[in-house]
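Peer 1: So here's protein.txt (compact mmCIF, C-alpha atoms and all ligand atoms).
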```txt
# COMPACT_ATOMS: atom_id res chain seq x y z
CA MET A 216 12.93 10.26 -7.63
CA GLU A 217 9.64 10.79 -5.77
CA ILE A 218 7.23 7.94 -6.41
CA PRO A 219 3.60 9.11 -6.48
CA GLN A 220 1.56 7.47 -3.74
CA HIS A 221 -1.49 7.11 -5.99
CA ILE A 222 -1.26 6.76 -9.78
CA SER A 223 -4.44 6.63 -11.81
CA ILE A 224 -4.68 5.69 -15.49
CA ILE A 225 -7.32 6.29 -18.12
CA MET A 226 -6.47 3.35 -20.39
CA ASP A 227 -7.47 4.65 -23.82
CA GLY A 228 -6.86 3.64 -27.43
CA ASN A 229 -7.59 -0.09 -27.47
CA GLY A 230 -10.10 0.27 -30.30
CA ARG A 231 -7.77 2.36 -32.46
CA TRP A 232 -4.88 -0.02 -31.82
CA ALA A 233 -7.01 -2.93 -33.08
CA ARG A 234 -8.31 -1.00 -36.09
CA GLN A 235 -4.76 -0.11 -37.13
CA GLN A 236 -4.20 -3.83 -37.55
CA GLY A 237 -7.51 -4.47 -39.27
CA LYS A 238 -8.85 -6.34 -36.25
CA ARG A 239 -12.03 -6.07 -34.15
CA ARG A 240 -12.08 -3.72 -31.16
CA LEU A 241 -12.10 -6.61 -28.68
CA PHE A 242 -8.70 -7.66 -30.01
CA GLY A 243 -7.40 -4.36 -28.64
CA HIS A 244 -9.03 -4.87 -25.23
CA ASN A 245 -7.45 -8.34 -25.02
CA ALA A 246 -4.04 -6.88 -25.83
CA GLY A 247 -4.64 -4.21 -23.16
CA VAL A 248 -4.51 -6.85 -20.44
CA GLU A 249 -0.76 -7.29 -21.05
CA ALA A 250 -0.25 -3.57 -20.46
CA VAL A 251 -2.28 -3.81 -17.23
CA ARG A 252 -0.09 -6.69 -16.05
CA ASP A 253 3.19 -4.91 -16.86
CA VAL A 254 2.17 -1.59 -15.32
CA THR A 255 0.70 -3.22 -12.20
CA THR A 256 3.79 -5.29 -11.38
CA TYR A 257 6.02 -2.28 -12.09
CA CYS A 258 4.01 -0.04 -9.73
CA ALA A 259 4.21 -2.65 -6.97
CA GLU A 260 7.97 -2.95 -7.52
CA ILE A 261 8.71 0.76 -7.26
CA GLY A 262 6.53 1.35 -4.21
CA VAL A 263 3.34 2.90 -5.54
CA LYS A 264 0.67 2.36 -2.88
CA TYR A 265 -2.48 2.84 -4.95
CA LEU A 266 -2.92 2.18 -8.67
CA SER A 267 -6.38 2.92 -10.04
CA LEU A 268 -7.39 1.94 -13.55
CA PHE A 269 -10.42 3.26 -15.44
CA ALA A 270 -11.60 0.00 -17.01
CA PHE A 271 -15.23 0.77 -17.89
CA SER A 272 -17.28 3.93 -17.58
CA GLU A 273 -21.00 4.30 -16.99
CA GLU A 274 -21.14 5.69 -20.52
CA ASN A 275 -19.43 2.57 -21.94
CA TRP A 276 -22.66 0.60 -21.36
CA ASP A 277 -23.96 2.35 -24.50
CA ARG A 278 -21.34 0.70 -26.72
CA PRO A 279 -22.46 -2.09 -29.11
CA ALA A 280 -23.79 -5.07 -27.12
CA ASP A 281 -21.16 -7.49 -28.39
CA GLU A 282 -18.32 -5.19 -27.29
CA VAL A 283 -19.85 -4.76 -23.80
CA LYS A 284 -20.37 -8.52 -23.50
CA GLY A 285 -16.83 -9.22 -24.71
CA LEU A 286 -15.34 -6.71 -22.26
CA MET A 287 -17.27 -8.18 -19.32
CA GLU A 288 -16.14 -11.69 -20.28
CA LEU A 289 -12.56 -10.45 -20.57
CA LEU A 290 -12.72 -8.87 -17.12
CA LEU A 291 -14.08 -12.08 -15.59
CA LYS A 292 -11.45 -14.19 -17.36
CA THR A 293 -8.68 -11.79 -16.27
CA MET A 294 -9.80 -11.80 -12.61
CA ILE A 295 -9.53 -15.58 -12.56
CA ALA A 296 -6.29 -15.78 -14.57
CA GLU A 297 -4.45 -13.08 -12.58
CA ARG A 298 -5.52 -14.27 -9.13
CA ASP A 299 -2.23 -16.00 -8.30
CA THR A 300 -0.07 -13.13 -9.57
CA LEU A 301 -1.95 -10.65 -7.36
CA LEU A 302 -1.74 -12.83 -4.27
CA LYS A 303 1.93 -13.67 -4.85
CA ASN A 304 2.79 -9.97 -5.17
CA HIS A 305 0.73 -8.96 -2.10
CA ILE A 306 -1.53 -6.74 -4.18
CA ARG A 307 -5.11 -6.28 -2.99
CA LEU A 308 -7.88 -5.76 -5.49
CA GLN A 309 -10.68 -3.29 -5.01
CA VAL A 310 -13.43 -2.68 -7.55
CA ILE A 311 -15.23 0.65 -7.47
CA GLY A 312 -18.25 1.78 -9.46
CA ASN A 313 -21.97 1.32 -9.97
CA THR A 314 -21.54 -2.42 -9.63
CA VAL A 315 -25.26 -3.21 -9.44
CA ARG A 316 -25.14 -3.16 -13.24
CA LEU A 317 -22.56 -5.97 -13.38
CA SER A 318 -23.53 -9.63 -13.80
CA PRO A 319 -23.83 -11.81 -10.67
CA SER A 320 -21.03 -14.11 -11.92
CA LEU A 321 -18.63 -11.19 -12.39
CA MET A 322 -19.62 -9.76 -8.99
CA ASP A 323 -19.01 -13.14 -7.34
CA ALA A 324 -15.52 -13.35 -8.87
CA ILE A 325 -14.80 -9.77 -7.80
CA HIS A 326 -15.96 -10.33 -4.22
CA ASP A 327 -13.96 -13.57 -3.95
CA LEU A 328 -10.75 -11.92 -5.12
CA GLU A 329 -11.35 -8.77 -3.04
CA ARG A 330 -11.74 -10.94 0.05
CA GLU A 331 -8.79 -13.20 -0.70
CA SER A 332 -6.39 -10.43 -1.66
CA ALA A 333 -7.28 -8.30 1.37
CA VAL A 334 -5.40 -10.84 3.50
CA GLY A 335 -1.71 -10.05 3.09
CA GLY A 336 -2.31 -7.62 0.24
CA ASP A 337 -0.44 -4.84 1.98
CA ARG A 338 2.05 -3.92 -0.72
CA MET A 339 -0.27 -2.05 -3.09
CA ALA A 340 -3.97 -1.58 -3.83
CA MET A 341 -5.06 -2.20 -7.42
CA ILE A 342 -8.30 -0.31 -7.82
CA VAL A 343 -10.35 -1.18 -10.88
CA MET A 344 -12.91 1.48 -11.71
CA LEU A 345 -15.75 -0.44 -13.26
CA SER A 346 -19.07 1.01 -14.37
CA TYR A 347 -17.73 4.18 -12.80
CA SER A 348 -18.30 7.83 -13.53
CA GLY A 349 -17.40 10.93 -11.56
CA LYS A 350 -20.91 12.42 -11.64
CA TRP A 351 -22.42 9.10 -10.56
CA ASP A 352 -19.99 9.05 -7.63
CA ILE A 353 -20.85 12.58 -6.47
CA LEU A 354 -24.56 11.86 -6.78
CA GLN A 355 -24.44 8.60 -4.83
CA ALA A 356 -22.46 10.45 -2.14
CA VAL A 357 -25.14 13.18 -1.93
CA ARG A 358 -27.88 10.54 -1.73
CA ARG A 359 -26.17 8.69 1.11
CA TYR A 360 -25.41 11.89 3.01
CA THR A 361 -29.04 12.95 2.64
CA ALA A 362 -30.21 9.55 3.89
CA ASP A 363 -27.99 9.96 6.95
CA CYS A 364 -29.48 13.42 7.58
CA LEU A 365 -33.01 12.06 7.30
CA ALA A 366 -32.16 9.21 9.65
CA ALA A 367 -30.68 11.69 12.14
CA GLY A 368 -33.68 14.01 11.73
CA LYS A 369 -31.41 17.03 11.18
CA GLU A 370 -28.87 18.53 8.77
CA LEU A 371 -25.54 16.95 9.66
CA PRO A 372 -22.42 19.14 9.48
CA ILE A 373 -20.20 18.30 6.53
CA ASP A 374 -16.85 19.54 5.19
CA GLU A 375 -14.61 18.46 2.28
CA ALA A 376 -13.03 15.60 4.19
CA GLY A 377 -16.45 14.48 5.38
CA PHE A 378 -17.85 14.54 1.86
CA SER A 379 -14.86 12.54 0.55
CA GLY A 380 -15.89 9.87 3.03
CA TYR A 381 -19.18 9.42 1.18
CA LEU A 382 -17.49 8.98 -2.22
CA ALA A 383 -16.98 5.48 -3.59
CA THR A 384 -13.23 6.09 -3.20
CA ALA A 385 -13.52 6.70 0.57
CA GLY A 386 -10.28 5.88 2.38
CA ILE A 387 -8.17 6.13 -0.79
CA PRO A 388 -5.97 9.24 -1.07
CA ASP A 389 -6.64 11.43 -4.11
CA PRO A 390 -4.54 10.57 -7.20
CA ASP A 391 -1.19 12.38 -7.34
CA LEU A 392 -0.68 11.58 -11.02
CA LEU A 393 -3.28 10.85 -13.69
CA VAL A 394 -2.05 9.34 -16.95
CA ARG A 395 -4.22 9.21 -20.07
CA THR A 396 -3.03 7.31 -23.11
CA SER A 397 -3.88 7.65 -26.82
CA GLY A 398 -3.49 11.43 -27.12
CA GLU A 399 -6.94 12.40 -25.78
CA GLN A 400 -6.72 15.30 -23.34
CA ARG A 401 -9.90 15.30 -21.28
CA ILE A 402 -11.24 13.95 -18.00
CA SER A 403 -14.23 12.08 -19.51
CA ASN A 404 -16.33 12.09 -16.34
CA TYR A 405 -13.64 10.26 -14.37
CA MET A 406 -12.79 11.12 -10.72
CA LEU A 407 -14.11 14.69 -10.85
CA TRP A 408 -13.90 15.49 -7.14
CA GLN A 409 -10.74 13.51 -6.46
CA THR A 410 -8.60 15.09 -9.21
CA ALA A 411 -8.88 18.67 -7.92
CA TYR A 412 -5.09 18.88 -7.47
CA THR A 413 -3.91 15.89 -9.48
CA GLU A 414 -1.07 16.31 -11.99
CA PHE A 415 -2.18 15.26 -15.49
CA TYR A 416 0.09 13.50 -17.99
CA TYR A 417 -0.91 12.76 -21.56
CA THR A 418 0.86 10.44 -23.96
CA PRO A 419 0.08 9.54 -27.58
CA VAL A 420 0.93 5.87 -26.87
CA LEU A 421 -2.13 3.62 -27.33
CA TRP A 422 -2.96 1.56 -24.23
CA PRO A 423 -2.00 -1.91 -25.62
CA ASP A 424 1.48 -0.52 -26.41
CA PHE A 425 1.92 1.15 -23.00
CA ARG A 426 4.67 -0.40 -20.87
CA ARG A 427 6.62 0.30 -17.68
CA SER A 428 9.11 2.49 -19.59
CA ASP A 429 6.22 4.79 -20.59
CA LEU A 430 5.08 5.02 -16.98
CA GLU A 431 8.64 5.69 -15.89
CA GLN A 432 8.63 8.67 -18.26
CA ALA A 433 5.36 9.92 -16.76
CA ILE A 434 6.80 9.66 -13.23
CA SER A 435 9.95 11.48 -14.31
CA ASP A 436 7.78 14.27 -15.77
CA PHE A 437 5.74 14.34 -12.52
CA ASN A 438 8.98 14.94 -10.63
CA LYS A 439 9.56 18.17 -12.59
CA ARG A 440 6.20 19.57 -11.56
CA GLN A 441 5.80 21.92 -8.66
CA ARG A 442 2.61 21.25 -6.75
CA ARG A 443 1.43 24.43 -5.11
CA TYR A 444 -2.21 23.56 -4.35
CA GLY A 445 -3.24 27.10 -5.21
CA LYS A 446 -0.71 28.68 -2.85
CA VAL A 447 2.53 30.49 -3.67
CA GLU A 448 5.96 28.93 -3.38
C1 LIG B 1 -10.46 2.26 -23.82
O1 LIG B 1 -10.15 2.07 -25.16
C2 LIG B 1 -10.41 1.02 -23.06
C3 LIG B 1 -11.47 0.39 -22.48
C4 LIG B 1 -12.85 0.96 -22.53
C5 LIG B 1 -11.32 -0.90 -21.77
C6 LIG B 1 -10.08 -1.10 -20.96
C7 LIG B 1 -10.08 -2.49 -20.47
C8 LIG B 1 -9.02 -3.33 -20.49
C9 LIG B 1 -7.66 -2.95 -20.92
C10 LIG B 1 -9.27 -4.73 -20.05
C11 LIG B 1 -8.49 -5.22 -18.89
C12 LIG B 1 -8.59 -4.40 -17.67
C13 LIG B 1 -8.35 -4.85 -16.43
C14 LIG B 1 -8.31 -3.89 -15.30
C15 LIG B 1 -8.11 -6.27 -16.12
P1 LIG B 1 -11.23 2.45 -26.26
O2 LIG B 1 -12.05 1.23 -26.54
O3 LIG B 1 -12.00 3.64 -25.84
O4 LIG B 1 -10.32 2.78 -27.50
P2 LIG B 1 -10.61 3.85 -28.67
O5 LIG B 1 -10.70 5.19 -28.02
O6 LIG B 1 -9.40 3.71 -29.53
O7 LIG B 1 -11.86 3.43 -29.34
```
Go ahead and express the file in the form of structure tokens.
Ligand code: FPP
Peer 2:
Amino acid sequence: MEIPQHISIIMDGNGRWARQQGKRRLFGHNAGVEAVRDVTTYCAEIGVKYLSLFAFSEENWDRPADEVKGLMELLLKTMIAERDTLLKNHIRLQVIGNTVRLSPSLMDAIHDLERESAVGGDRMAMIVMLSYSGKWDILQAVRRYTADCLAAGKELPIDEAGFSGYLATAGIPDPDLLVRTSGEQRISNYMLWQTAYTEFYYTPVLWPDFRRSDLEQAISDFNKRQRRYGKVE
């Protein structure tokens, strides 16, 4: 079976999972951490090189303040709690997004773990997309390209590969497989540029219930696809 080099996941359905049990939404986010742990270790085991997880979108800042606060606290707590597991498994952490909106304490924890896990973290990259949106990414790329042009005093030549280098995901190959849980079938302003030829897989399973067996199914489905990149066979 071909293992996708880069798997990306839109982890959806935490709120519904909690509501089904008469609990608050944060209960679902907490339960989602177990799914993250299971899927991450599984991906490292089978030889996935890049696993990116959509943890918080730019739009998510508009959720009720207590949910945003709870999610940020959960992320900070998880970074600290999972440190040893990441290092032991040679997984390097990378956080991508409009991180200027994150708290200094969360940013400190992120930078510490990014630095620590970069040493020896050659088995797999775990990329957490935080305060991320696809349109934000394209816009920040355009701004930085424009700044480079102004600094050079001329219009610099640019092609698709060159533009990819300005995106926040620079250096990371485009996702081969994008999984979205909870039955929603849309891109929700995720990696708009990077998913041009990504294979999409949707499952009704809610994120806190998602386990390695569900991902195995997605990979098996991916193996039946024929990627033509707009060409003929
Ligand atoms: C979507 O469910 C999920 C989120 C916005 C948060 C995902 C975050 C985690 C699982 C926390 C841990 C993550 C890492 C990387 C350590 P939703 O709230 O949109 O659910 P709903 O659509 O049912 O309301």
Peer 1: Find the axis-aligned box for segment 381-396 of chain A, covering all its listed atoms and adding 5 Å on each side, and write its centre and edge lengths in Å to one decimal as lines of an AutoDock Vina configuration file.
Peer 2:
```
center_x = -9.9
center_y = 8.9
center_z = -10.4
size_x = 28.5
size_y = 16.9
size_z = 35.5
```
Peer 1: Could you list, as a list in words, all residues that come within 7 Å of ligand LIG 1 (chain B)? Count only C-alpha atoms and all ligand atoms.
Peer 2: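 Answer in the requested format: Met226, Asp227, Gly228, Asn229, Gly230, Arg231, Trp232, Arg240, His244, Asn245, Gly247, Val248, Val251, Leu268, Ala270, Phe271, Asn275, Leu286, Leu289, Leu290, Thr293, Met294 and Val343 of chain A.
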Peer 1: Would you mind listing what lies within 10 Å of segment 386-397 of chain A as a ChimeraX atom specification, with only C-alpha atoms counted and same-chain residues fewer than 5 positions away left out?
Peer 2: /A:218-229,231-232,264-269,340,342,379-381,402,406,408-425,429-430,433-434,437,442
Peer 1: Please report the interatomic distance between atom CA of Glu274 of chain A and atom CA of Ala383 of chain A in Å with one decimal.
Peer 2: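 Separation between atom CA of Glu274 of chain A and atom CA of Ala383 of chain A: 17.4 Å.
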Peer 1: Restricting the calculation to all atoms listed in the file: of A:Leu345, A:Leu302, A:Met287, A:Ala362, which residue gets closest to Val315 of chain A?
Peer 2: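 Ranking A:Leu345, A:Leu302, A:Met287, A:Ala362 by distance to Val315 of chain A, first place goes to A:Leu345.
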Peer 1: So the first atom is atom CA of Asp299 of chain A and the second is atom CA of Ile325 of chain A; what is the distance between them in Å, to one decimal place?
Peer 2: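 It comes out at 14.0 Å.
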Peer 1: Using all atoms listed in the file, which residue out of A:Ile373, A:Ile306, A:Leu365, A:Ile295 lies closest to Val263 of chain A?
Peer 2: A:Ile306
Peer 1: Find the residue from A:Ser320, A:Asn313, A:Gln355, A:Asn304 that sits nearest to Gly262 of chain A; use only C-alpha atoms when measuring.
Peer 2: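 Ranking A:Ser320, A:Asn313, A:Gln355, A:Asn304 by distance to Gly262 of chain A, first place goes to A:Asn304.
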Peer 1: By how many Å are atom CA of Asn404 of chain A and atom CA of Asp352 of chain A apart?
Peer 2: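 Separation between atom CA of Asn404 of chain A and atom CA of Asp352 of chain A: 9.9 Å.
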Peer 1: Which residue gives the smallest distance to Gly336 of chain A among A:Arg278, A:Gly349, A:Glu288, A:Leu301, with all atoms listed in the file counted?
Peer 2: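 Answer, going by the shortest atom-to-atom distance: A:Leu301.
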